[in-house]
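Chemist: The structure that follows is given in the form of structure tokens.
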Amino acid sequence: MKTDIEIAQEAEMVHIREVAAKLDISEDELELYGKYKAKLSDELISRIEGNEDGKLVLVTAVNPTPAGEGKTTVTVGLGQALGRLGKKASIALREPSLGPCFGIKGGAAGGGYSQVVPMEDLNLHFTGDFHAITSANNLLAAMLDNHIQQGNALGIDPRQVVWKRCLDMNDRVLRNIVVGLGSRMDGYVREDHFVITVASEIMAILCLAKDMEDLKDRLSKIIVAYTADGRPVTAKDLNAVGAMAALLKDALKPNLIQTLEHTPAFVHGGPFANIAHGCNSVRATRLALKLSDIVVTEAGFGADLGAEKFMDIKCRKAGLSPDAVVLVATVRALKYNGGVEKGSLSVENLDALKAGIVNLEKHIENLKLFGVPIIVTLNRFVTDTEAELSFVKEFVESRDCEFALAQVWEHGGQGGEELAKKVLQVLDTRKSAYRPLYEEELPLTDKIETIAKRIYGAGSVVYSAQAKKQLERITGLGFGNLPVCMAKTQYSLSDDPVKLGRPDGFELSVREVYVSAGAGFVVVITGSVMTMPGLPKAPAAEKIDVVDGRITGLF
């Protein structure tokens, strides 16, 4: 089997105008970035505003393991399969970050014969959206420090600056830094911090904004610092909103590319689900729904993170109502959760499968809390045995969920037809009763504990002294009615990445809380999760190269 990048580079792409035509988008409504990429114009968004929405299908997964689950691969393959069955289908994905591209993953565009292309462009710079977000974030940081340097008319307490700089790269040494060293002309000396761009509040704002007016309103509410007497200072107070909006003007427009089978792919925005809200932009999803019969979208990492935030933040804020959820698992991942080492996952082991399937069971139970019909799919590997597949099928169907195998990595859309038919059956026969997990009126601590206990399985939540003070301040400032965005490890239902399977009754530790007033949620940081990741001992960047004009090593 060829590598993902070899498959992608050998693909015969069609001009993006042909992909757009499948959704009745005219060439005049495209802003072309070469032959195979385009941004979608504001004129298109206005024209189709009155169209009826198609069906919305969310793809999520069990907790990620080194064995691999293939959530994006299934998303792409399902979209291709629906097209093969005659449906006017599209997919809506997040843009990959350079951080994991050069860190661990080496790329994020699906895999095998279920990829979005051009794969290299998507993973490296794409249409410049992340650069625009990074620039807008750091412009605000520069204007903040300049204001302090130029007399500090707003009375900002330099010890209470909360706005952080950002970079779309894993770089641990930037987590905690000191700025302003040198002469008096070099600025006020203070501690500062970096987050990765996908954790920036501006990324969240871009992904939740309905239009330019909403974007500017959200930008104006960003809290950058506090005065000595506790008054919040905003981006509006710094007169930064207009310039930030100018940097984000084009980034606000959704991007259109294609899959290997030329299915339209709306790829826009890219917040991580472990440290941010984990969903592609509201604008892209809404646009796809107005242009398609069925839209297949994904949420990051496992259902405990991405799906929960999709339901409780994105859908709540955007007025979206998902019609079905596809929950992706693999036999290998379930055996890993059952205690099998990575090197032994190819060997049939029903005992380990029985032990590890509790992770899948918990995700099924969690998704049922949102009232949306569930289809569980096994992303099949050639080493899976009939006994293992049968066991999972019986387990899933005994819990009132539909089941289907997916072989989309090897066979593309054809390998997803069984899953696509099951999705269509559910859309025809099962009515979604979507509801968020909690009411916004609940106190912040109640929201945190609802997620911790009902979704993660925690027995209790403990707060650091710092977190308690921050919760009091946030509530006192009037932000207690916002939803919460939990920052937690993706590898476990708990806040401890080594607790596999279905941990229960554990203590969840909250160490920091801050408000993203522009995005409209409160970020809760648990355990040891970092908002600026570091590179591993052997980064994927070491294997990436350009040979004879072609990029190699990118998956």
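Here, A, B, ... name the chains of the structure tokens in the order displayed, residue numbers run from 1 inside each chain, and ligands are numbered from 1 in the same displayed order.
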Residues of segment 319-368 of chain A within 10 Å of segment 484-496 of chain A: nearest atom pair and distance (Å, one decimal) for each, counting only C-alpha atoms, sorted by chain and number, as CSV?
Modeler:
residue,atom,partner,partner_atom,distance
A:Asn337,CA,A:Ser492,CA,9.6
A:Asn359,CA,A:Leu493,CA,8.3
A:Lys362,CA,A:Leu493,CA,9.0
A:His363,CA,A:Leu493,CA,9.3
Chemist: Just checking: using only C-alpha atoms, which residue out of A:Gly99, A:Gly413, A:Gly319, A:Gly230 ends up closest to Ala540 of chain A?
Modeler: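 Among the listed residues, A:Gly99 lies closest to Ala540 of chain A.
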Chemist: If DSSP is run on the backbone, what residues of segment 36-257 of chain A are alpha helix (DSSP H)? A reply as a PyMOL selection string would be ideal.
Modeler: chain A and resi 42-47+71-84+98-102+119-123+129-149+201-208+212-220+241-248
Chemist: Keeping only C-alpha atoms, take the residues you just selected and write them out as a PDB file, in the first residue's frame.
Modeler:
ATOM      1  CA  ASP A  42     -19.866  36.895   0.877  1.00  0.00           C
ATOM      2  CA  GLU A  43     -22.144  37.231  -2.168  1.00  0.00           C
ATOM      3  CA  LEU A  44     -22.643  33.452  -2.208  1.00  0.00           C
ATOM      4  CA  ILE A  45     -23.433  33.425   1.505  1.00  0.00           C
ATOM      5  CA  SER A  46     -26.058  36.136   0.983  1.00  0.00           C
ATOM      6  CA  ARG A  47     -27.559  34.418  -2.075  1.00  0.00           C
ATOM      7  CA  LYS A  71     -11.910   9.785  12.560  1.00  0.00           C
ATOM      8  CA  THR A  72     -11.071  12.213   9.749  1.00  0.00           C
ATOM      9  CA  THR A  73     -10.546   9.296   7.366  1.00  0.00           C
ATOM     10  CA  VAL A  74     -14.044   8.028   8.172  1.00  0.00           C
ATOM     11  CA  THR A  75     -15.490  11.527   7.787  1.00  0.00           C
ATOM     12  CA  VAL A  76     -13.991  11.854   4.316  1.00  0.00           C
ATOM     13  CA  GLY A  77     -14.877   8.295   3.316  1.00  0.00           C
ATOM     14  CA  LEU A  78     -18.482   8.690   4.478  1.00  0.00           C
ATOM     15  CA  GLY A  79     -18.857  11.892   2.472  1.00  0.00           C
ATOM     16  CA  GLN A  80     -17.483  10.126  -0.609  1.00  0.00           C
ATOM     17  CA  ALA A  81     -19.768   7.138  -0.044  1.00  0.00           C
ATOM     18  CA  LEU A  82     -22.876   9.316   0.238  1.00  0.00           C
ATOM     19  CA  GLY A  83     -21.925  10.879  -3.103  1.00  0.00           C
ATOM     20  CA  ARG A  84     -21.593   7.414  -4.649  1.00  0.00           C
ATOM     21  CA  LEU A  98       1.517  23.300  11.834  1.00  0.00           C
ATOM     22  CA  GLY A  99       2.178  22.292  15.445  1.00  0.00           C
ATOM     23  CA  PRO A 100       1.254  18.595  15.233  1.00  0.00           C
ATOM     24  CA  CYS A 101       2.219  18.533  11.549  1.00  0.00           C
ATOM     25  CA  PHE A 102       5.867  19.037  12.526  1.00  0.00           C
ATOM     26  CA  MET A 119      -2.896  17.526   0.928  1.00  0.00           C
ATOM     27  CA  GLU A 120       0.412  19.392   1.149  1.00  0.00           C
ATOM     28  CA  ASP A 121      -1.239  22.794   0.703  1.00  0.00           C
ATOM     29  CA  LEU A 122      -3.801  22.019   3.374  1.00  0.00           C
ATOM     30  CA  ASN A 123      -1.138  21.052   5.905  1.00  0.00           C
ATOM     31  CA  ASP A 129      -6.075  31.740   7.734  1.00  0.00           C
ATOM     32  CA  PHE A 130      -3.857  30.693  10.630  1.00  0.00           C
ATOM     33  CA  HIS A 131      -1.302  33.371   9.770  1.00  0.00           C
ATOM     34  CA  ALA A 132      -4.061  35.988   9.824  1.00  0.00           C
ATOM     35  CA  ILE A 133      -5.258  34.761  13.225  1.00  0.00           C
ATOM     36  CA  THR A 134      -1.711  34.751  14.593  1.00  0.00           C
ATOM     37  CA  SER A 135      -1.124  38.281  13.290  1.00  0.00           C
ATOM     38  CA  ALA A 136      -4.384  39.616  14.745  1.00  0.00           C
ATOM     39  CA  ASN A 137      -3.603  38.011  18.108  1.00  0.00           C
ATOM     40  CA  ASN A 138      -0.095  39.451  18.229  1.00  0.00           C
ATOM     41  CA  LEU A 139      -1.186  42.869  16.987  1.00  0.00           C
ATOM     42  CA  LEU A 140      -3.450  43.067  20.021  1.00  0.00           C
ATOM     43  CA  ALA A 141      -0.550  42.001  22.257  1.00  0.00           C
ATOM     44  CA  ALA A 142       1.711  44.667  20.725  1.00  0.00           C
ATOM     45  CA  MET A 143      -0.926  47.384  21.134  1.00  0.00           C
ATOM     46  CA  LEU A 144      -1.442  46.349  24.751  1.00  0.00           C
ATOM     47  CA  ASP A 145       2.266  46.596  25.620  1.00  0.00           C
ATOM     48  CA  ASN A 146       2.576  49.812  23.645  1.00  0.00           C
ATOM     49  CA  HIS A 147      -0.284  51.350  25.611  1.00  0.00           C
ATOM     50  CA  ILE A 148       1.486  50.543  28.886  1.00  0.00           C
ATOM     51  CA  GLN A 149       4.754  51.970  27.521  1.00  0.00           C
ATOM     52  CA  GLU A 201      -9.366  33.171  21.591  1.00  0.00           C
ATOM     53  CA  ILE A 202      -9.278  34.745  18.144  1.00  0.00           C
ATOM     54  CA  MET A 203      -9.359  31.259  16.599  1.00  0.00           C
ATOM     55  CA  ALA A 204     -12.479  30.511  18.641  1.00  0.00           C
ATOM     56  CA  ILE A 205     -14.018  33.862  17.704  1.00  0.00           C
ATOM     57  CA  LEU A 206     -13.395  33.314  13.981  1.00  0.00           C
ATOM     58  CA  CYS A 207     -14.976  29.869  14.211  1.00  0.00           C
ATOM     59  CA  LEU A 208     -18.082  31.096  16.054  1.00  0.00           C
ATOM     60  CA  MET A 212     -18.092  40.569   9.972  1.00  0.00           C
ATOM     61  CA  GLU A 213     -20.390  42.537  12.274  1.00  0.00           C
ATOM     62  CA  ASP A 214     -20.504  39.639  14.734  1.00  0.00           C
ATOM     63  CA  LEU A 215     -16.731  39.153  14.407  1.00  0.00           C
ATOM     64  CA  LYS A 216     -16.043  42.786  15.320  1.00  0.00           C
ATOM     65  CA  ASP A 217     -18.480  42.654  18.218  1.00  0.00           C
ATOM     66  CA  ARG A 218     -16.764  39.558  19.601  1.00  0.00           C
ATOM     67  CA  LEU A 219     -13.288  41.027  19.108  1.00  0.00           C
ATOM     68  CA  SER A 220     -14.338  44.134  21.027  1.00  0.00           C
ATOM     69  CA  VAL A 241     -10.800  46.084  16.839  1.00  0.00           C
ATOM     70  CA  GLY A 242     -10.764  47.681  13.391  1.00  0.00           C
ATOM     71  CA  ALA A 243      -7.174  46.710  12.593  1.00  0.00           C
ATOM     72  CA  MET A 244      -7.719  43.158  13.856  1.00  0.00           C
ATOM     73  CA  ALA A 245     -10.837  42.845  11.692  1.00  0.00           C
ATOM     74  CA  ALA A 246      -8.866  44.042   8.675  1.00  0.00           C
ATOM     75  CA  LEU A 247      -6.346  41.247   9.214  1.00  0.00           C
ATOM     76  CA  LEU A 248      -9.172  38.706   9.512  1.00  0.00           C
TER      77      LEU A 248
END
Chemist: Which residues of segment 294-319 of chain A have any atom within 12 Å of an atom in segment 431-434 of chain A when counting only C-alpha atoms, and what is the closest pair of atoms for each, with the distance in Å to one decimal? Order the rows by chain and rising number and write it as JSON lines.
Modeler:
{"residue": "A:Phe310", "atom": "CA", "partner": "A:Tyr434", "partner_atom": "CA", "distance": 11.6}
{"residue": "A:Met311", "atom": "CA", "partner": "A:Tyr434", "partner_atom": "CA", "distance": 8.3}
{"residue": "A:Asp312", "atom": "CA", "partner": "A:Tyr434", "partner_atom": "CA", "distance": 10.4}
{"residue": "A:Cys315", "atom": "CA", "partner": "A:Tyr434", "partner_atom": "CA", "distance": 9.4}
{"residue": "A:Arg316", "atom": "CA", "partner": "A:Tyr434", "partner_atom": "CA", "distance": 10.1}
{"residue": "A:Gly319", "atom": "CA", "partner": "A:Tyr434", "partner_atom": "CA", "distance": 11.0}
Chemist: Could those selected residues go to a file with all heavy atoms, as a CSV table (one decimal), in the first residue's frame?
Modeler:
chain,number,residue,atom,x,y,z
A,310,PHE,N,-19.0,20.4,20.7
A,310,PHE,CA,-19.8,20.6,19.5
A,310,PHE,C,-21.3,20.7,20.0
A,310,PHE,O,-22.0,21.7,19.5
A,310,PHE,CB,-19.7,19.3,18.6
A,310,PHE,CG,-20.6,19.4,17.4
A,310,PHE,CD1,-20.1,20.0,16.2
A,310,PHE,CD2,-21.8,18.8,17.4
A,310,PHE,CE1,-20.9,20.1,15.1
A,310,PHE,CE2,-22.6,18.8,16.2
A,310,PHE,CZ,-22.2,19.5,15.1
A,311,MET,N,-21.7,19.9,20.9
A,311,MET,CA,-23.1,19.9,21.3
A,311,MET,C,-23.4,21.1,22.3
A,311,MET,O,-24.4,21.8,22.1
A,311,MET,CB,-23.5,18.7,22.1
A,311,MET,CG,-23.3,17.4,21.3
A,311,MET,SD,-24.5,17.2,19.9
A,311,MET,CE,-24.2,15.6,19.4
A,312,ASP,N,-22.5,21.4,23.2
A,312,ASP,CA,-22.7,22.3,24.3
A,312,ASP,C,-22.3,23.8,23.9
A,312,ASP,O,-22.8,24.7,24.5
A,312,ASP,CB,-22.1,21.9,25.6
A,312,ASP,CG,-22.8,20.8,26.3
A,312,ASP,OD1,-24.1,20.8,26.2
A,312,ASP,OD2,-22.2,19.9,26.9
A,315,CYS,N,-23.2,24.1,18.7
A,315,CYS,CA,-24.6,23.9,18.3
A,315,CYS,C,-25.5,24.9,19.1
A,315,CYS,O,-26.4,25.5,18.6
A,315,CYS,CB,-25.1,22.5,18.5
A,315,CYS,SG,-24.4,21.3,17.3
A,316,ARG,N,-25.2,25.0,20.4
A,316,ARG,CA,-26.0,25.9,21.3
A,316,ARG,C,-25.9,27.4,20.7
A,316,ARG,O,-26.9,28.1,20.6
A,316,ARG,CB,-25.5,25.9,22.7
A,316,ARG,CG,-26.3,26.6,23.7
A,316,ARG,CD,-25.6,26.9,25.0
A,316,ARG,NE,-25.0,25.8,25.6
A,316,ARG,CZ,-25.6,25.2,26.7
A,316,ARG,NH1,-26.8,25.6,27.1
A,316,ARG,NH2,-25.0,24.1,27.2
A,319,GLY,N,-27.3,27.7,16.9
A,319,GLY,CA,-28.6,27.3,16.6
A,319,GLY,C,-28.6,26.1,15.7
A,319,GLY,O,-29.6,25.9,15.0
Chemist: Sorted by chain and rising residue number, which residues of segment 263-347 of chain A lie within 8 Å of segment 365-387 of chain A, and what are their closest atom pairs and distances in Å to one decimal, counting only C-alpha atoms, as CSV?
Modeler:
residue,atom,partner,partner_atom,distance
A:Ala303,CA,A:Leu367,CA,7.7
A:Asp304,CA,A:Asn366,CA,7.7
A:Ala307,CA,A:Leu367,CA,8.0
A:Met311,CA,A:Phe370,CA,7.4
A:Pro322,CA,A:Val372,CA,7.0
A:Asp323,CA,A:Val372,CA,6.4
A:Ala324,CA,A:Pro373,CA,5.0
A:Val325,CA,A:Ile374,CA,4.9
A:Val326,CA,A:Ile375,CA,4.8
A:Leu327,CA,A:Val376,CA,4.7
A:Val328,CA,A:Thr377,CA,5.1
A:Ala329,CA,A:Leu378,CA,5.1
A:Thr330,CA,A:Leu378,CA,5.1
A:Val331,CA,A:Asp384,CA,6.7
A:Arg332,CA,A:Asp384,CA,7.9
A:Ser346,CA,A:Thr383,CA,5.4
A:Val347,CA,A:Thr383,CA,7.4
Chemist: Looking only at the backbone, which of the residues in segment 95-276 of chain A does DSSP tag as strand (DSSP E), as a ChimeraX atom specification?
Modeler: /A:110-111,114-117,156-161,165-167,177-179,190-192,194-196,223-227,232-234,255-259,264-267
Chemist: What does the distance between atom CA of Gly112 of chain A and atom CA of Ala265 of chain A come to in Å, to one decimal place?
Modeler: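 Separation between atom CA of Gly112 of chain A and atom CA of Ala265 of chain A: 16.6 Å.
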